[in-house]
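**Student:** So that you have it, the file is run_32.pdb, and it contains PDB, C-alpha atoms, pLDDT in the B column:
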```pdb
ATOM      1  CA  MET V   1      61.752-149.734 -10.786  1.00 86.00           C
ATOM      2  CA  ILE V   2      63.538-150.837  -7.602  1.00 97.00           C
ATOM      3  CA  ALA V   3      65.885-153.486  -9.003  1.00 98.00           C
ATOM      4  CA  ASP V   4      65.227-157.001  -7.769  1.00 97.00           C
ATOM      5  CA  THR V   5      68.841-157.810  -6.964  1.00 98.00           C
ATOM      6  CA  PRO V   6      70.088-161.045  -5.340  1.00 98.00           C
ATOM      7  CA  THR V   7      71.548-161.453  -1.853  1.00 98.00           C
ATOM      8  CA  PRO V   8      74.849-159.519  -1.571  1.00 98.00           C
ATOM      9  CA  PRO V   9      77.677-159.462  -2.417  1.00 98.00           C
ATOM     10  CA  TYR V  10      77.225-158.061  -5.918  1.00 98.00           C
ATOM     11  CA  PHE V  11      78.380-154.844  -7.598  1.00 98.00           C
ATOM     12  CA  ALA V  12      76.811-151.467  -8.315  1.00 98.00           C
ATOM     13  CA  VAL V  13      77.967-148.801 -10.768  1.00 98.00           C
ATOM     14  CA  ILE V  14      76.757-145.347  -9.718  1.00 98.00           C
ATOM     15  CA  PHE V  15      76.660-142.937 -12.657  1.00 98.00           C
ATOM     16  CA  THR V  16      75.873-139.334 -11.644  1.00 98.00           C
ATOM     17  CA  SER V  17      75.646-136.847 -14.486  1.00 98.00           C
ATOM     18  CA  LYS V  18      74.631-133.358 -15.509  1.00 98.00           C
ATOM     19  CA  ARG V  19      73.065-133.085 -18.967  1.00 97.00           C
ATOM     20  CA  SER V  20      73.856-130.414 -21.527  1.00 96.00           C
ATOM     21  CA  ASP V  21      70.957-128.889 -23.436  1.00 95.00           C
ATOM     22  CA  VAL V  22      71.891-130.851 -26.573  1.00 94.00           C
ATOM     23  CA  ASP V  23      69.335-133.492 -27.565  1.00 93.00           C
ATOM     24  CA  ASN V  24      70.562-135.148 -30.791  1.00 94.00           C
ATOM     25  CA  GLY V  25      69.016-138.548 -30.123  1.00 95.00           C
ATOM     26  CA  TYR V  26      69.960-138.685 -26.438  1.00 96.00           C
ATOM     27  CA  LYS V  27      66.783-140.461 -25.315  1.00 95.00           C
ATOM     28  CA  GLU V  28      66.896-143.121 -28.046  1.00 97.00           C
ATOM     29  CA  ILE V  29      70.556-143.912 -27.431  1.00 97.00           C
ATOM     30  CA  SER V  30      69.980-143.903 -23.689  1.00 95.00           C
ATOM     31  CA  ASN V  31      67.166-146.452 -24.047  1.00 96.00           C
ATOM     32  CA  ARG V  32      69.246-148.502 -26.482  1.00 97.00           C
ATOM     33  CA  MET V  33      72.076-148.629 -23.909  1.00 97.00           C
ATOM     34  CA  LEU V  34      69.680-149.899 -21.225  1.00 95.00           C
ATOM     35  CA  GLU V  35      68.450-152.568 -23.632  1.00 96.00           C
ATOM     36  CA  LEU V  36      72.005-153.600 -24.576  1.00 97.00           C
ATOM     37  CA  ALA V  37      73.257-153.607 -20.967  1.00 97.00           C
ATOM     38  CA  SER V  38      70.388-155.799 -19.860  1.00 97.00           C
ATOM     39  CA  LYS V  39      71.542-158.467 -22.348  1.00 97.00           C
ATOM     40  CA  GLU V  40      75.064-158.551 -20.925  1.00 97.00           C
ATOM     41  CA  ASP V  41      76.101-161.582 -18.961  1.00 97.00           C
ATOM     42  CA  GLY V  42      76.121-160.659 -15.269  1.00 98.00           C
ATOM     43  CA  PHE V  43      73.616-157.792 -15.524  1.00 98.00           C
ATOM     44  CA  LEU V  44      71.324-157.799 -12.470  1.00 98.00           C
ATOM     45  CA  GLY V  45      69.170-154.691 -12.908  1.00 98.00           C
ATOM     46  CA  VAL V  46      69.151-150.915 -13.165  1.00 98.00           C
ATOM     47  CA  GLU V  47      67.561-147.909 -11.427  1.00 97.00           C
ATOM     48  CA  SER V  48      67.538-144.484 -13.031  1.00 96.00           C
ATOM     49  CA  VAL V  49      66.119-141.065 -12.133  1.00 97.00           C
ATOM     50  CA  ARG V  50      66.755-137.813 -13.971  1.00 93.00           C
ATOM     51  CA  GLU V  51      66.088-134.119 -13.437  1.00 89.00           C
ATOM     52  CA  GLU V  52      68.823-131.694 -14.549  1.00 88.00           C
ATOM     53  CA  TYR V  53      71.113-134.102 -12.751  1.00 96.00           C
ATOM     54  CA  GLY V  54      70.597-137.810 -13.160  1.00 97.00           C
ATOM     55  CA  ILE V  55      71.588-140.843 -11.115  1.00 98.00           C
ATOM     56  CA  THR V  56      71.661-144.247 -12.807  1.00 97.00           C
ATOM     57  CA  VAL V  57      72.700-147.251 -10.749  1.00 98.00           C
ATOM     58  CA  SER V  58      73.318-150.508 -12.602  1.00 98.00           C
ATOM     59  CA  TYR V  59      73.859-153.771 -10.739  1.00 98.00           C
ATOM     60  CA  TRP V  60      76.258-156.523 -11.795  1.00 98.00           C
ATOM     61  CA  LYS V  61      77.356-159.969 -10.723  1.00 98.00           C
ATOM     62  CA  ASP V  62      81.084-159.209 -10.774  1.00 98.00           C
ATOM     63  CA  LEU V  63      83.771-156.771 -11.927  1.00 98.00           C
ATOM     64  CA  GLU V  64      84.350-158.781 -15.100  1.00 98.00           C
ATOM     65  CA  SER V  65      80.802-158.190 -16.321  1.00 98.00           C
ATOM     66  CA  ILE V  66      81.151-154.446 -15.571  1.00 98.00           C
ATOM     67  CA  ASN V  67      84.346-154.397 -17.594  1.00 98.00           C
ATOM     68  CA  ASN V  68      82.781-156.248 -20.513  1.00 98.00           C
ATOM     69  CA  TRP V  69      79.939-153.751 -20.597  1.00 98.00           C
ATOM     70  CA  LYS V  70      82.349-150.799 -20.381  1.00 97.00           C
ATOM     71  CA  ASN V  71      84.205-152.140 -23.426  1.00 97.00           C
ATOM     72  CA  ASP V  72      81.191-153.035 -25.575  1.00 97.00           C
ATOM     73  CA  LEU V  73      81.809-151.322 -28.918  1.00 98.00           C
ATOM     74  CA  GLU V  74      78.354-149.786 -29.319  1.00 98.00           C
ATOM     75  CA  HIS V  75      78.543-148.604 -25.696  1.00 98.00           C
ATOM     76  CA  LYS V  76      81.985-147.068 -26.297  1.00 98.00           C
ATOM     77  CA  ALA V  77      80.598-145.113 -29.254  1.00 98.00           C
ATOM     78  CA  ALA V  78      77.762-143.844 -27.040  1.00 98.00           C
ATOM     79  CA  GLN V  79      80.259-142.930 -24.291  1.00 97.00           C
ATOM     80  CA  ALA V  80      82.224-140.820 -26.801  1.00 97.00           C
ATOM     81  CA  ARG V  81      79.054-138.997 -27.862  1.00 97.00           C
ATOM     82  CA  GLY V  82      78.140-138.534 -24.216  1.00 97.00           C
ATOM     83  CA  ARG V  83      81.407-136.706 -23.523  1.00 97.00           C
ATOM     84  CA  LYS V  84      81.112-134.632 -26.683  1.00 97.00           C
ATOM     85  CA  GLU V  85      77.412-133.781 -26.717  1.00 97.00           C
ATOM     86  CA  TRP V  86      75.159-134.931 -23.897  1.00 97.00           C
ATOM     87  CA  TYR V  87      76.944-134.390 -20.589  1.00 97.00           C
ATOM     88  CA  LEU V  88      78.491-131.336 -18.997  1.00 97.00           C
ATOM     89  CA  GLU V  89      79.935-133.501 -16.260  1.00 97.00           C
ATOM     90  CA  PHE V  90      79.620-136.955 -14.807  1.00 98.00           C
ATOM     91  CA  LYS V  91      81.167-139.221 -12.222  1.00 98.00           C
ATOM     92  CA  VAL V  92      81.263-143.020 -12.251  1.00 98.00           C
ATOM     93  CA  ARG V  93      81.776-145.003  -9.067  1.00 98.00           C
ATOM     94  CA  ILE V  94      82.379-148.759  -9.044  1.00 98.00           C
ATOM     95  CA  THR V  95      81.146-150.206  -5.768  1.00 98.00           C
ATOM     96  CA  LYS V  96      80.694-153.545  -4.054  1.00 98.00           C
ATOM     97  CA  VAL V  97      77.318-154.004  -2.365  1.00 98.00           C
ATOM     98  CA  GLU V  98      78.006-155.503   1.048  1.00 98.00           C
ATOM     99  CA  ARG V  99      74.489-155.592   2.463  1.00 97.00           C
ATOM    100  CA  ASP V 100      70.989-154.395   1.714  1.00 98.00           C
ATOM    101  CA  HIS V 101      67.498-154.278   3.152  1.00 96.00           C
ATOM    102  CA  GLN V 102      64.152-153.341   1.799  1.00 97.00           C
ATOM    103  CA  PHE V 103      60.705-152.221   2.796  1.00 97.00           C
ATOM    104  CA  THR V 104      57.428-152.762   0.970  1.00 95.00           C
ATOM    105  CA  LYS V 105      54.011-151.671   2.127  1.00 88.00           C
TER     106      LYS V 105
ATOM    107  CA  MET N   1      75.518-131.605  -7.087  1.00 86.00           C
ATOM    108  CA  ILE N   2      78.068-134.275  -7.996  1.00 97.00           C
ATOM    109  CA  ALA N   3      79.617-135.000  -4.595  1.00 98.00           C
ATOM    110  CA  ASP N   4      83.275-134.065  -4.290  1.00 97.00           C
ATOM    111  CA  THR N   5      84.378-137.335  -2.703  1.00 98.00           C
ATOM    112  CA  PRO N   6      87.981-138.285  -1.851  1.00 98.00           C
ATOM    113  CA  THR N   7      90.104-140.971  -3.520  1.00 98.00           C
ATOM    114  CA  PRO N   8      88.559-144.426  -2.892  1.00 98.00           C
ATOM    115  CA  PRO N   9      88.076-146.500  -0.874  1.00 98.00           C
ATOM    116  CA  TYR N  10      85.091-144.944   0.879  1.00 98.00           C
ATOM    117  CA  PHE N  11      81.465-146.022   1.313  1.00 98.00           C
ATOM    118  CA  ALA N  12      78.188-145.222  -0.437  1.00 98.00           C
ATOM    119  CA  VAL N  13      74.638-145.801   0.803  1.00 98.00           C
ATOM    120  CA  ILE N  14      72.208-146.123  -2.119  1.00 98.00           C
ATOM    121  CA  PHE N  15      68.635-145.352  -1.044  1.00 98.00           C
ATOM    122  CA  THR N  16      66.068-146.042  -3.796  1.00 98.00           C
ATOM    123  CA  SER N  17      62.473-145.237  -2.898  1.00 98.00           C
ATOM    124  CA  LYS N  18      58.960-144.820  -4.193  1.00 98.00           C
ATOM    125  CA  ARG N  19      56.989-142.009  -2.575  1.00 97.00           C
ATOM    126  CA  SER N  20      53.381-142.250  -1.427  1.00 96.00           C
ATOM    127  CA  ASP N  21      51.101-139.285  -2.170  1.00 95.00           C
ATOM    128  CA  VAL N  22      51.188-138.201   1.484  1.00 94.00           C
ATOM    129  CA  ASP N  23      52.986-134.901   2.080  1.00 93.00           C
ATOM    130  CA  ASN N  24      52.768-134.100   5.827  1.00 94.00           C
ATOM    131  CA  GLY N  25      56.043-132.207   6.044  1.00 95.00           C
ATOM    132  CA  TYR N  26      58.019-134.602   3.837  1.00 96.00           C
ATOM    133  CA  LYS N  27      60.129-131.911   2.171  1.00 95.00           C
ATOM    134  CA  GLU N  28      61.023-130.133   5.437  1.00 97.00           C
ATOM    135  CA  ILE N  29      62.007-133.353   7.190  1.00 97.00           C
ATOM    136  CA  SER N  30      63.912-134.505   4.138  1.00 95.00           C
ATOM    137  CA  ASN N  31      65.933-131.273   4.087  1.00 96.00           C
ATOM    138  CA  ARG N  32      66.447-131.471   7.848  1.00 97.00           C
ATOM    139  CA  MET N  33      67.856-135.004   7.456  1.00 97.00           C
ATOM    140  CA  LEU N  34      70.340-133.807   4.790  1.00 95.00           C
ATOM    141  CA  GLU N  35      71.403-130.997   7.120  1.00 96.00           C
ATOM    142  CA  LEU N  36      71.785-133.384  10.076  1.00 97.00           C
ATOM    143  CA  ALA N  37      73.617-136.056   8.057  1.00 97.00           C
ATOM    144  CA  SER N  38      76.086-133.497   6.739  1.00 97.00           C
ATOM    145  CA  LYS N  39      77.100-132.714  10.336  1.00 97.00           C
ATOM    146  CA  GLU N  40      77.886-136.361  11.127  1.00 97.00           C
ATOM    147  CA  ASP N  41      81.491-137.349  11.519  1.00 97.00           C
ATOM    148  CA  GLY N  42      82.594-139.201   8.387  1.00 98.00           C
ATOM    149  CA  PHE N  43      79.989-137.683   6.049  1.00 98.00           C
ATOM    150  CA  LEU N  44      81.563-137.034   2.621  1.00 98.00           C
ATOM    151  CA  GLY N  45      78.671-135.814   0.488  1.00 98.00           C
ATOM    152  CA  VAL N  46      75.276-136.645  -0.992  1.00 98.00           C
ATOM    153  CA  GLU N  47      73.582-136.797  -4.402  1.00 97.00           C
ATOM    154  CA  SER N  48      69.813-136.940  -4.739  1.00 96.00           C
ATOM    155  CA  VAL N  49      67.338-136.997  -7.637  1.00 97.00           C
ATOM    156  CA  ARG N  50      63.596-137.551  -7.374  1.00 93.00           C
ATOM    157  CA  GLU N  51      60.691-138.144  -9.719  1.00 89.00           C
ATOM    158  CA  GLU N  52      58.032-140.659  -8.570  1.00 89.00           C
ATOM    159  CA  TYR N  53      61.026-142.799  -7.686  1.00 96.00           C
ATOM    160  CA  GLY N  54      64.003-141.238  -6.016  1.00 97.00           C
ATOM    161  CA  ILE N  55      67.634-142.209  -5.690  1.00 98.00           C
ATOM    162  CA  THR N  56      69.702-140.658  -2.911  1.00 97.00           C
ATOM    163  CA  VAL N  57      73.331-141.687  -2.581  1.00 98.00           C
ATOM    164  CA  SER N  58      75.189-140.577   0.533  1.00 98.00           C
ATOM    165  CA  TYR N  59      78.949-141.014   0.867  1.00 98.00           C
ATOM    166  CA  TRP N  60      80.774-141.921   4.058  1.00 98.00           C
ATOM    167  CA  LYS N  61      84.268-142.445   5.349  1.00 98.00           C
ATOM    168  CA  ASP N  62      83.589-145.828   6.949  1.00 98.00           C
ATOM    169  CA  LEU N  63      80.901-148.267   8.114  1.00 98.00           C
ATOM    170  CA  GLU N  64      81.012-146.849  11.632  1.00 98.00           C
ATOM    171  CA  SER N  65      79.889-143.395  10.466  1.00 98.00           C
ATOM    172  CA  ILE N  66      77.050-144.997   8.449  1.00 98.00           C
ATOM    173  CA  ASN N  67      75.976-146.876  11.540  1.00 98.00           C
ATOM    174  CA  ASN N  68      76.095-143.762  13.729  1.00 98.00           C
ATOM    175  CA  TRP N  69      73.901-141.917  11.248  1.00 98.00           C
ATOM    176  CA  LYS N  70      71.472-144.838  11.024  1.00 97.00           C
ATOM    177  CA  ASN N  71      71.080-144.764  14.803  1.00 97.00           C
ATOM    178  CA  ASP N  72      70.768-141.003  15.265  1.00 97.00           C
ATOM    179  CA  LEU N  73      67.575-140.478  17.286  1.00 98.00           C
ATOM    180  CA  GLU N  74      66.058-137.725  15.146  1.00 98.00           C
ATOM    181  CA  HIS N  75      66.893-139.779  12.055  1.00 98.00           C
ATOM    182  CA  LYS N  76      65.251-142.879  13.583  1.00 98.00           C
ATOM    183  CA  ALA N  77      62.066-140.896  14.196  1.00 98.00           C
ATOM    184  CA  ALA N  78      62.120-139.745  10.554  1.00 98.00           C
ATOM    185  CA  GLN N  79      62.704-143.333   9.400  1.00 97.00           C
ATOM    186  CA  ALA N  80      59.629-144.472  11.310  1.00 97.00           C
ATOM    187  CA  ARG N  81      57.514-141.740   9.691  1.00 97.00           C
ATOM    188  CA  GLY N  82      58.977-142.683   6.319  1.00 97.00           C
ATOM    189  CA  ARG N  83      57.742-146.262   6.669  1.00 97.00           C
ATOM    190  CA  LYS N  84      54.354-145.158   7.937  1.00 97.00           C
ATOM    191  CA  GLU N  85      53.630-142.155   5.719  1.00 97.00           C
ATOM    192  CA  TRP N  86      56.059-141.162   2.980  1.00 97.00           C
ATOM    193  CA  TYR N  87      57.254-144.288   1.211  1.00 97.00           C
ATOM    194  CA  LEU N  88      55.423-147.100  -0.530  1.00 97.00           C
ATOM    195  CA  GLU N  89      58.663-149.011  -0.861  1.00 97.00           C
ATOM    196  CA  PHE N  90      62.386-148.505  -0.585  1.00 98.00           C
ATOM    197  CA  LYS N  91      65.642-150.383  -0.714  1.00 98.00           C
ATOM    198  CA  VAL N  92      68.897-149.484   1.028  1.00 98.00           C
ATOM    199  CA  ARG N  93      72.222-150.813  -0.202  1.00 98.00           C
ATOM    200  CA  ILE N  94      75.478-150.378   1.737  1.00 98.00           C
ATOM    201  CA  THR N  95      78.388-150.385  -0.681  1.00 98.00           C
ATOM    202  CA  LYS N  96      82.135-149.906  -0.710  1.00 98.00           C
ATOM    203  CA  VAL N  97      83.421-147.613  -3.462  1.00 98.00           C
ATOM    204  CA  GLU N  98      86.437-149.330  -4.991  1.00 98.00           C
ATOM    205  CA  ARG N  99      87.247-146.898  -7.795  1.00 97.00           C
ATOM    206  CA  ASP N 100      85.832-143.856  -9.540  1.00 98.00           C
ATOM    207  CA  HIS N 101      86.490-141.524 -12.437  1.00 96.00           C
ATOM    208  CA  GLN N 102      84.983-138.286 -13.550  1.00 97.00           C
ATOM    209  CA  PHE N 103      84.554-136.041 -16.544  1.00 97.00           C
ATOM    210  CA  THR N 104      84.106-132.275 -16.617  1.00 95.00           C
ATOM    211  CA  LYS N 105      83.784-130.137 -19.716  1.00 88.00           C
TER     212      LYS N 105
END
```
Spit out the file's structure as structure tokens when you get a sec.

**Tutor:**
Amino acid sequence: MIADTPTPPYFAVIFTSKRSDVDNGYKEISNRMLELASKEDGFLGVESVREEYGITVSYWKDLESINNWKNDLEHKAAQARGRKEWYLEFKVRITKVERDHQFTK
Amino acid sequence: MIADTPTPPYFAVIFTSKRSDVDNGYKEISNRMLELASKEDGFLGVESVREEYGITVSYWKDLESINNWKNDLEHKAAQARGRKEWYLEFKVRITKVERDHQFTK
């Protein structure tokens, strides 16, 4: 579940959110979005953890691929439902990964 | 718990980790590190969610403040224990936040 990203530079979208108590297919749509995103050109991986708050970080080759994903029609429909039903608040940060290091036992 | 960060640019450190099953004071040291980090010059906020995997994103004014925090002596001691006891694997990514947007109901 730690994304196997390439040598920097690449891009990361940090999505921090607080869920409402509305279900209405949230989990299915959420999984469908991960599946769709992973087919996008330029997608490099994703990491996601959720309690009441959730942090999902998706990794991308460039800003163009982030923009394409943002504007995907099925994704836009899910975003609209997210605002209306699933999230009380969220914040999206578009970042450029400048360096990284990792540790494995 | 969504960090109230300023207008970009600023920096984000994404720490993704997988915990071992060793406790040994993990929670206390983890809280102590959040307390210490928040006193560092240039600290802007932190978001953290944990299941088996955890994602902690800390926000910083510049690379210098990230570097100062990395080299804090008490933090370095905790890092060493993290490698030895608390984490099976982790990845750290240093990123520059280029833009953000948020939604609140």

**Student:** Would you mind listing what lies within 10 Å of region 10-15 of chain N as a ChimeraX atom specification, with all atoms listed in the file counted and same-chain residues fewer than 4 positions away left out?

**Tutor:** /V:2,12,14,57,93,95-97,99-102 /N:5-6,42-48,54-63,65-66,90-99

**Student:** Save out the residues we just selected, C-alpha atoms, as a CSV table (one decimal), in the coordinates of the input.

**Tutor:**
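out-v5.csv, freshly written:
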```csv
chain,number,residue,atom,x,y,z
V,2,ILE,CA,63.5,-150.8,-7.6
V,12,ALA,CA,76.8,-151.5,-8.3
V,14,ILE,CA,76.8,-145.3,-9.7
V,57,VAL,CA,72.7,-147.3,-10.7
V,93,ARG,CA,81.8,-145.0,-9.1
V,95,THR,CA,81.1,-150.2,-5.8
V,96,LYS,CA,80.7,-153.5,-4.1
V,97,VAL,CA,77.3,-154.0,-2.4
V,99,ARG,CA,74.5,-155.6,2.5
V,100,ASP,CA,71.0,-154.4,1.7
V,101,HIS,CA,67.5,-154.3,3.2
V,102,GLN,CA,64.2,-153.3,1.8
N,5,THR,CA,84.4,-137.3,-2.7
N,6,PRO,CA,88.0,-138.3,-1.9
N,42,GLY,CA,82.6,-139.2,8.4
N,43,PHE,CA,80.0,-137.7,6.0
N,44,LEU,CA,81.6,-137.0,2.6
N,45,GLY,CA,78.7,-135.8,0.5
N,46,VAL,CA,75.3,-136.6,-1.0
N,47,GLU,CA,73.6,-136.8,-4.4
N,48,SER,CA,69.8,-136.9,-4.7
N,54,GLY,CA,64.0,-141.2,-6.0
N,55,ILE,CA,67.6,-142.2,-5.7
N,56,THR,CA,69.7,-140.7,-2.9
N,57,VAL,CA,73.3,-141.7,-2.6
N,58,SER,CA,75.2,-140.6,0.5
N,59,TYR,CA,78.9,-141.0,0.9
N,60,TRP,CA,80.8,-141.9,4.1
N,61,LYS,CA,84.3,-142.4,5.3
N,62,ASP,CA,83.6,-145.8,6.9
N,63,LEU,CA,80.9,-148.3,8.1
N,65,SER,CA,79.9,-143.4,10.5
N,66,ILE,CA,77.0,-145.0,8.4
N,90,PHE,CA,62.4,-148.5,-0.6
N,91,LYS,CA,65.6,-150.4,-0.7
N,92,VAL,CA,68.9,-149.5,1.0
N,93,ARG,CA,72.2,-150.8,-0.2
N,94,ILE,CA,75.5,-150.4,1.7
N,95,THR,CA,78.4,-150.4,-0.7
N,96,LYS,CA,82.1,-149.9,-0.7
N,97,VAL,CA,83.4,-147.6,-3.5
N,98,GLU,CA,86.4,-149.3,-5.0
N,99,ARG,CA,87.2,-146.9,-7.8
```

**Student:** Can you measure CA of Lys27 (chain V) to CA of Thr16 (chain N) for me? One decimal in Å is fine.

**Tutor:** 22.2 Å

**Student:** Using all atoms listed in the file, determine which residues lie at most 8 Å from region 75-84 of chain V, disregarding the query and same-chain residues fewer than 4 positions distant; provide the list as a PDB file with C-alpha atoms, in the frame of the given file.

**Tutor:**
```
ATOM      1  CA  ILE V  29      70.556-143.912 -27.431  1.00 97.00           C
ATOM      2  CA  MET V  33      72.076-148.629 -23.909  1.00 97.00           C
ATOM      3  CA  TRP V  69      79.939-153.751 -20.597  1.00 98.00           C
ATOM      4  CA  LYS V  70      82.349-150.799 -20.381  1.00 97.00           C
ATOM      5  CA  ASN V  71      84.205-152.140 -23.426  1.00 97.00           C
ATOM      6  CA  LEU V  88      78.491-131.336 -18.997  1.00 97.00           C
TER       7      LEU V  88
ATOM      8  CA  PHE N 103      84.554-136.041 -16.544  1.00 97.00           C
ATOM      9  CA  LYS N 105      83.784-130.137 -19.716  1.00 88.00           C
TER      10      LYS N 105
END
```

**Student:** Take CA of Asp4 (chain N) and CA of Asn31 (chain N) and report the distance between them in Å, one decimal.

**Tutor:**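 Going from CA of Asp4 (chain N) over to CA of Asn31 (chain N), I get 19.5 Å.
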
**Student:** So, with all atoms listed in the file as the atoms that count, which of V:Tyr87, V:Asp41, V:Thr104, V:Leu36 lies closest to Val22 (chain V)?

**Tutor:**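 Among the listed residues, the smallest separation from Val22 (chain V) belongs to V:Tyr87.
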
**Student:** Please report the interatomic distance between CA of Lys18 (chain V) and CA of Tyr53 (chain V) in Å with one decimal.

**Tutor:**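 According to the coordinates, CA of Lys18 (chain V) and CA of Tyr53 (chain V) are separated by 4.5 Å.
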
**Student:** Using the incomplete input, complete region 31-49 of chain V to the level of N, CA and C atoms; output as a CSV table (one decimal), in the frame of the given file.

**Tutor:**
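Contents of out_36.csv, as written:
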```
chain,number,residue,atom,x,y,z
V,31,ASN,N,68.0,-145.2,-24.1
V,31,ASN,CA,67.2,-146.5,-24.0
V,31,ASN,C,67.9,-147.7,-24.7
V,32,ARG,N,68.5,-147.4,-25.8
V,32,ARG,CA,69.2,-148.5,-26.5
V,32,ARG,C,70.3,-149.1,-25.6
V,33,MET,N,71.0,-148.2,-24.8
V,33,MET,CA,72.1,-148.6,-23.9
V,33,MET,C,71.5,-149.5,-22.8
V,34,LEU,N,70.3,-149.1,-22.3
V,34,LEU,CA,69.7,-149.9,-21.2
V,34,LEU,C,69.3,-151.3,-21.8
V,35,GLU,N,68.8,-151.3,-23.0
V,35,GLU,CA,68.4,-152.6,-23.6
V,35,GLU,C,69.7,-153.5,-23.8
V,36,LEU,N,70.8,-152.8,-24.3
V,36,LEU,CA,72.0,-153.6,-24.6
V,36,LEU,C,72.6,-154.1,-23.3
V,37,ALA,N,72.7,-153.2,-22.3
V,37,ALA,CA,73.3,-153.6,-21.0
V,37,ALA,C,72.5,-154.8,-20.4
V,38,SER,N,71.2,-154.8,-20.5
V,38,SER,CA,70.4,-155.8,-19.9
V,38,SER,C,70.6,-157.2,-20.5
V,39,LYS,N,71.2,-157.2,-21.7
V,39,LYS,CA,71.5,-158.5,-22.3
V,39,LYS,C,72.9,-159.0,-22.0
V,40,GLU,N,73.7,-158.1,-21.3
V,40,GLU,CA,75.1,-158.6,-20.9
V,40,GLU,C,75.0,-159.6,-19.9
V,41,ASP,N,75.9,-160.6,-20.0
V,41,ASP,CA,76.1,-161.6,-19.0
V,41,ASP,C,76.5,-160.9,-17.6
V,42,GLY,N,75.8,-161.2,-16.6
V,42,GLY,CA,76.1,-160.7,-15.3
V,42,GLY,C,75.3,-159.4,-14.9
V,43,PHE,N,74.5,-159.0,-15.8
V,43,PHE,CA,73.6,-157.8,-15.5
V,43,PHE,C,72.5,-158.2,-14.6
V,44,LEU,N,72.3,-157.4,-13.5
V,44,LEU,CA,71.3,-157.8,-12.5
V,44,LEU,C,70.1,-156.8,-12.4
V,45,GLY,N,70.3,-155.6,-13.0
V,45,GLY,CA,69.2,-154.7,-12.9
V,45,GLY,C,69.7,-153.3,-13.0
V,46,VAL,N,68.8,-152.3,-13.1
V,46,VAL,CA,69.2,-150.9,-13.2
V,46,VAL,C,68.1,-150.0,-12.5
V,47,GLU,N,68.5,-148.9,-12.0
V,47,GLU,CA,67.6,-147.9,-11.4
V,47,GLU,C,68.0,-146.6,-12.0
V,48,SER,N,67.1,-145.7,-12.4
V,48,SER,CA,67.5,-144.5,-13.0
V,48,SER,C,66.5,-143.4,-12.8
V,49,VAL,N,67.0,-142.2,-12.4
V,49,VAL,CA,66.1,-141.1,-12.1
V,49,VAL,C,66.8,-139.8,-12.7
```
